[in-house]
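> Next up is a structure, given as structure tokens.
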Amino acid sequence: MASKKKFYAVAVGQDPGIYTNWPQAQAQVKGYPGAKFKGFPTKSEAEAWMQHPALEPCVVKKSSITKPADSSPHRKGEVTIYTDGGSINNPGPGGYGIVIVHDDDIKEISGGFSHTTNNRMELMGCIVALRDIGRIKKKITLYSDSSYVVNGIMKGWAKGWRKKGWIKSDKKPAINPDLWAELLDLVEGLDITLQWVKGHAGNPLNERCDKLAVAAARQQNSPADKGHKR
């Protein structure tokens with residue numbers, strides 16, 4: 001079984017440093033534009049990474065609060081998340097879009113990278129959404145039109161890849177292990193269900209995420225996706 005990460009290195013945030021629990025580390029990066037952080041099983045690994053941090057930054061392009069659409073499948077007291085991501089020409093400029101519904105509010109977040117892939121942006125949308133809500137003690141439903149992401153978590157594929165040192169059942173290396181590792185850490189301990197939703201099928205929140213992702217992908221001067229190997 002893979003060892004549980006106990007040290008969180010914050011390279012860019014409110015108060016950079018190494019933290020021994022996620023709530024303390026989260027307080028340094030939540031809502032901080034361009035935050036860079038990563039978890040490690042040992043303090044020495046965290047210290048080494050701090051010398052040359054290389055985690056994809058969370059670049060928030062838009063955040064607004066409005067009332068949720070009447071058609072959103074949301075229950076009072078729960079958190080509903082929609083995410084979408086993609087890249088132009090895959091690989092190419094990419095972006096992700098997020099809509100978070102919590103009680104009577106809806107929050108929109110988007111971000112992009114100069115060169116990335118569809119799957120990395122699908123994963124990044126989920127990661128940024130869960131970074132934003134933190135260790136909330138409520139039921140969470142995350143809707144994505146990426147079967148790659150939904151099955152990776154709900155069918156336990158990603159856990160299996162991590163347990164085998166990021167090797168798939170066909171003996172080939174798993175793709176995007178950096179993002180899968182963070183997503184697995186973020187969902188751990190949450191009451192969360194990832195559910196597939198058909199894309200471009202008229203679902204208003206899915207369509208909104210798509211628009212946010214496309215707009216973010218078209219932004220100029222986006223940062224590099226350092227985890228993407230060309």
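Chain labels follow the order of the structure tokens: the first chain is A, the next B, and so on; residue numbering restarts at 1 in every chain, and ligands are counted from 1 in their shown order.
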Would you pick out the contacts of Arg120 (chain A) at 10 Å or less, using only C-alpha atoms, so that residues sharing its chain but fewer than 5 positions from it are not included, and give the list as a ChimeraX atom specification?
/A:85-87,91,94-96,125,149,175-176,178-180,225,227-228
> Just the selected residues (all heavy atoms), exported as a CSV table (one decimal), in the first residue's frame, please.

```csv
chain,number,residue,atom,x,y,z
A,85,GLY,N,-12.9,20.5,-19.2
A,85,GLY,CA,-11.6,20.9,-19.6
A,85,GLY,C,-11.3,20.4,-21.0
A,85,GLY,O,-11.9,19.4,-21.4
A,86,GLY,N,-10.4,21.1,-21.6
A,86,GLY,CA,-10.0,20.7,-22.9
A,86,GLY,C,-8.8,21.5,-23.4
A,86,GLY,O,-8.4,22.5,-22.8
A,87,SER,N,-8.3,21.1,-24.6
A,87,SER,CA,-7.2,21.8,-25.2
A,87,SER,C,-7.5,22.0,-26.7
A,87,SER,O,-8.1,21.1,-27.3
A,87,SER,CB,-5.9,21.1,-25.0
A,87,SER,OG,-5.8,19.9,-25.7
A,91,PRO,N,-2.5,17.9,-28.3
A,91,PRO,CA,-2.2,19.0,-27.3
A,91,PRO,C,-2.2,20.3,-27.9
A,91,PRO,O,-2.0,20.5,-29.1
A,91,PRO,CB,-0.9,18.5,-26.7
A,91,PRO,CG,-0.2,17.8,-27.9
A,91,PRO,CD,-1.4,17.1,-28.6
A,94,GLY,N,-4.8,25.1,-23.5
A,94,GLY,CA,-5.9,24.4,-22.8
A,94,GLY,C,-6.5,25.2,-21.7
A,94,GLY,O,-5.9,26.2,-21.2
A,95,GLY,N,-7.7,24.8,-21.2
A,95,GLY,CA,-8.3,25.5,-20.1
A,95,GLY,C,-9.3,24.6,-19.4
A,95,GLY,O,-9.7,23.5,-19.9
A,96,TYR,N,-9.7,25.0,-18.2
A,96,TYR,CA,-10.7,24.2,-17.5
A,96,TYR,C,-11.8,25.2,-17.0
A,96,TYR,O,-11.5,26.4,-16.8
A,96,TYR,CB,-10.1,23.5,-16.3
A,96,TYR,CG,-9.3,24.3,-15.3
A,96,TYR,CD1,-9.9,25.0,-14.3
A,96,TYR,CD2,-7.9,24.5,-15.5
A,96,TYR,CE1,-9.2,25.9,-13.4
A,96,TYR,CE2,-7.2,25.3,-14.6
A,96,TYR,CZ,-7.8,25.9,-13.6
A,96,TYR,OH,-7.1,26.8,-12.7
A,125,GLY,N,-9.5,20.6,-13.7
A,125,GLY,CA,-10.8,21.1,-13.3
A,125,GLY,C,-11.3,20.5,-12.0
A,125,GLY,O,-11.7,21.3,-11.0
A,149,VAL,N,-11.8,10.5,-16.2
A,149,VAL,CA,-11.7,11.0,-14.8
A,149,VAL,C,-12.6,10.3,-13.9
A,149,VAL,O,-12.3,9.8,-12.8
A,149,VAL,CB,-12.0,12.5,-14.7
A,149,VAL,CG1,-12.0,13.0,-13.3
A,149,VAL,CG2,-10.9,13.3,-15.5
A,175,ILE,N,-0.6,7.6,-17.5
A,175,ILE,CA,-0.4,9.0,-17.9
A,175,ILE,C,-0.9,10.0,-16.9
A,175,ILE,O,-1.9,9.7,-16.2
A,175,ILE,CB,-1.1,9.2,-19.3
A,175,ILE,CG1,-0.5,8.2,-20.3
A,175,ILE,CG2,-0.9,10.6,-19.8
A,175,ILE,CD1,-1.3,8.2,-21.7
A,176,ASN,N,-0.3,11.1,-16.8
A,176,ASN,CA,-0.7,12.1,-15.8
A,176,ASN,C,-0.6,11.7,-14.3
A,176,ASN,O,-1.5,12.1,-13.6
A,176,ASN,CB,-2.1,12.7,-16.2
A,176,ASN,CG,-2.2,13.1,-17.6
A,176,ASN,OD1,-1.3,13.8,-18.1
A,176,ASN,ND2,-3.3,12.7,-18.2
A,178,ASP,N,1.1,12.8,-11.9
A,178,ASP,CA,1.2,14.0,-11.0
A,178,ASP,C,-0.2,14.5,-10.6
A,178,ASP,O,-0.5,14.8,-9.5
A,178,ASP,CB,2.0,15.1,-11.6
A,178,ASP,CG,1.5,15.6,-13.0
A,178,ASP,OD1,0.9,14.8,-13.7
A,178,ASP,OD2,1.7,16.8,-13.3
A,179,LEU,N,-1.1,14.6,-11.6
A,179,LEU,CA,-2.4,15.1,-11.3
A,179,LEU,C,-3.3,14.0,-10.7
A,179,LEU,O,-4.1,14.3,-9.8
A,179,LEU,CB,-3.1,15.6,-12.6
A,179,LEU,CG,-2.4,16.7,-13.4
A,179,LEU,CD1,-3.2,17.2,-14.6
A,179,LEU,CD2,-2.1,17.9,-12.4
A,180,TRP,N,-3.2,12.8,-11.1
A,180,TRP,CA,-3.9,11.7,-10.4
A,180,TRP,C,-3.5,11.6,-8.9
A,180,TRP,O,-4.4,11.4,-8.1
A,180,TRP,CB,-3.6,10.4,-11.1
A,180,TRP,CG,-4.4,10.1,-12.4
A,180,TRP,CD1,-3.9,10.0,-13.6
A,180,TRP,CD2,-5.9,10.0,-12.5
A,180,TRP,NE1,-5.0,9.7,-14.5
A,180,TRP,CE2,-6.2,9.8,-13.8
A,180,TRP,CE3,-6.9,10.1,-11.5
A,180,TRP,CZ2,-7.5,9.6,-14.3
A,180,TRP,CZ3,-8.2,9.9,-12.0
A,180,TRP,CH2,-8.5,9.7,-13.4
A,225,ASP,N,2.2,24.4,-18.6
A,225,ASP,CA,1.8,23.3,-17.8
A,225,ASP,C,3.1,22.4,-17.6
A,225,ASP,O,3.4,21.6,-18.5
A,225,ASP,CB,0.7,22.5,-18.6
A,225,ASP,CG,0.2,21.2,-17.8
A,225,ASP,OD1,0.8,20.9,-16.8
A,225,ASP,OD2,-0.7,20.6,-18.3
A,227,GLY,N,3.8,19.9,-15.9
A,227,GLY,CA,3.6,18.5,-15.8
A,227,GLY,C,3.4,17.8,-17.1
A,227,GLY,O,3.5,16.6,-17.2
A,228,HIS,N,3.2,18.6,-18.2
A,228,HIS,CA,3.0,18.0,-19.5
A,228,HIS,C,4.3,17.9,-20.3
A,228,HIS,O,5.0,18.9,-20.5
A,228,HIS,CB,2.0,18.9,-20.3
A,228,HIS,CG,1.9,18.5,-21.8
A,228,HIS,ND1,1.5,17.2,-22.1
A,228,HIS,CD2,2.0,19.2,-22.9
A,228,HIS,CE1,1.5,17.1,-23.4
A,228,HIS,NE2,1.8,18.3,-23.9
```
> As a ChimeraX atom specification, please: every residue in region 20-193 of chain A that DSSP puts in strand (DSSP E).
/A:36-40,65-66,79-87,92-102,105-116,140-144,192-193
> Need the shell around Ala25 (chain A): protein/DNA/RNA residues with any atom at most 7 Å away, counting only C-alpha atoms. Skip same-chain ones fewer than 5 positions apart. Format as a list in words?
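These residues fall inside the cut-off: Tyr8, Val10 and Tyr19 of chain A.
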> Grab the CA of Pro204 (chain A) to CA of Ser222 (chain A) distance for me, in Å with one decimal place.
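That distance, rounded to one decimal, is 26.8 Å.
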> How far is it from CA of Arg131 (chain A) to CA of Val12 (chain A), in Å with one decimal?
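Value for the CA of Arg131 (chain A)-CA of Val12 (chain A) distance: 14.7 Å.
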> Under the rule that only C-alpha atoms are counted, which of A:Lys38, A:Lys139, A:Lys107, A:Lys43 is the nearest residue to Leu190 (chain A)?
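Residue with the minimum atom-to-atom distance to Leu190 (chain A): A:Lys139.
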> What gap, in Å, lies between CA of Gly111 (chain A) and CA of Ile98 (chain A)?
9.2 Å
> Find, counting only C-alpha atoms, the residue in A:Cys126, A:Ile140, A:Ile88, A:Val79 that gets nearest to Asp104 (chain A).
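Comparing A:Cys126, A:Ile140, A:Ile88, A:Val79 against Asp104 (chain A), the winner is A:Val79.
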> From the set A:Pro23, A:Gly97, A:Gly77, A:Pro16, which residue has the shortest atom-to-atom contact distance to Val214 (chain A), counting only C-alpha atoms?
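Using only C-alpha atoms, the shortest distance to Val214 (chain A) belongs to A:Gly97.
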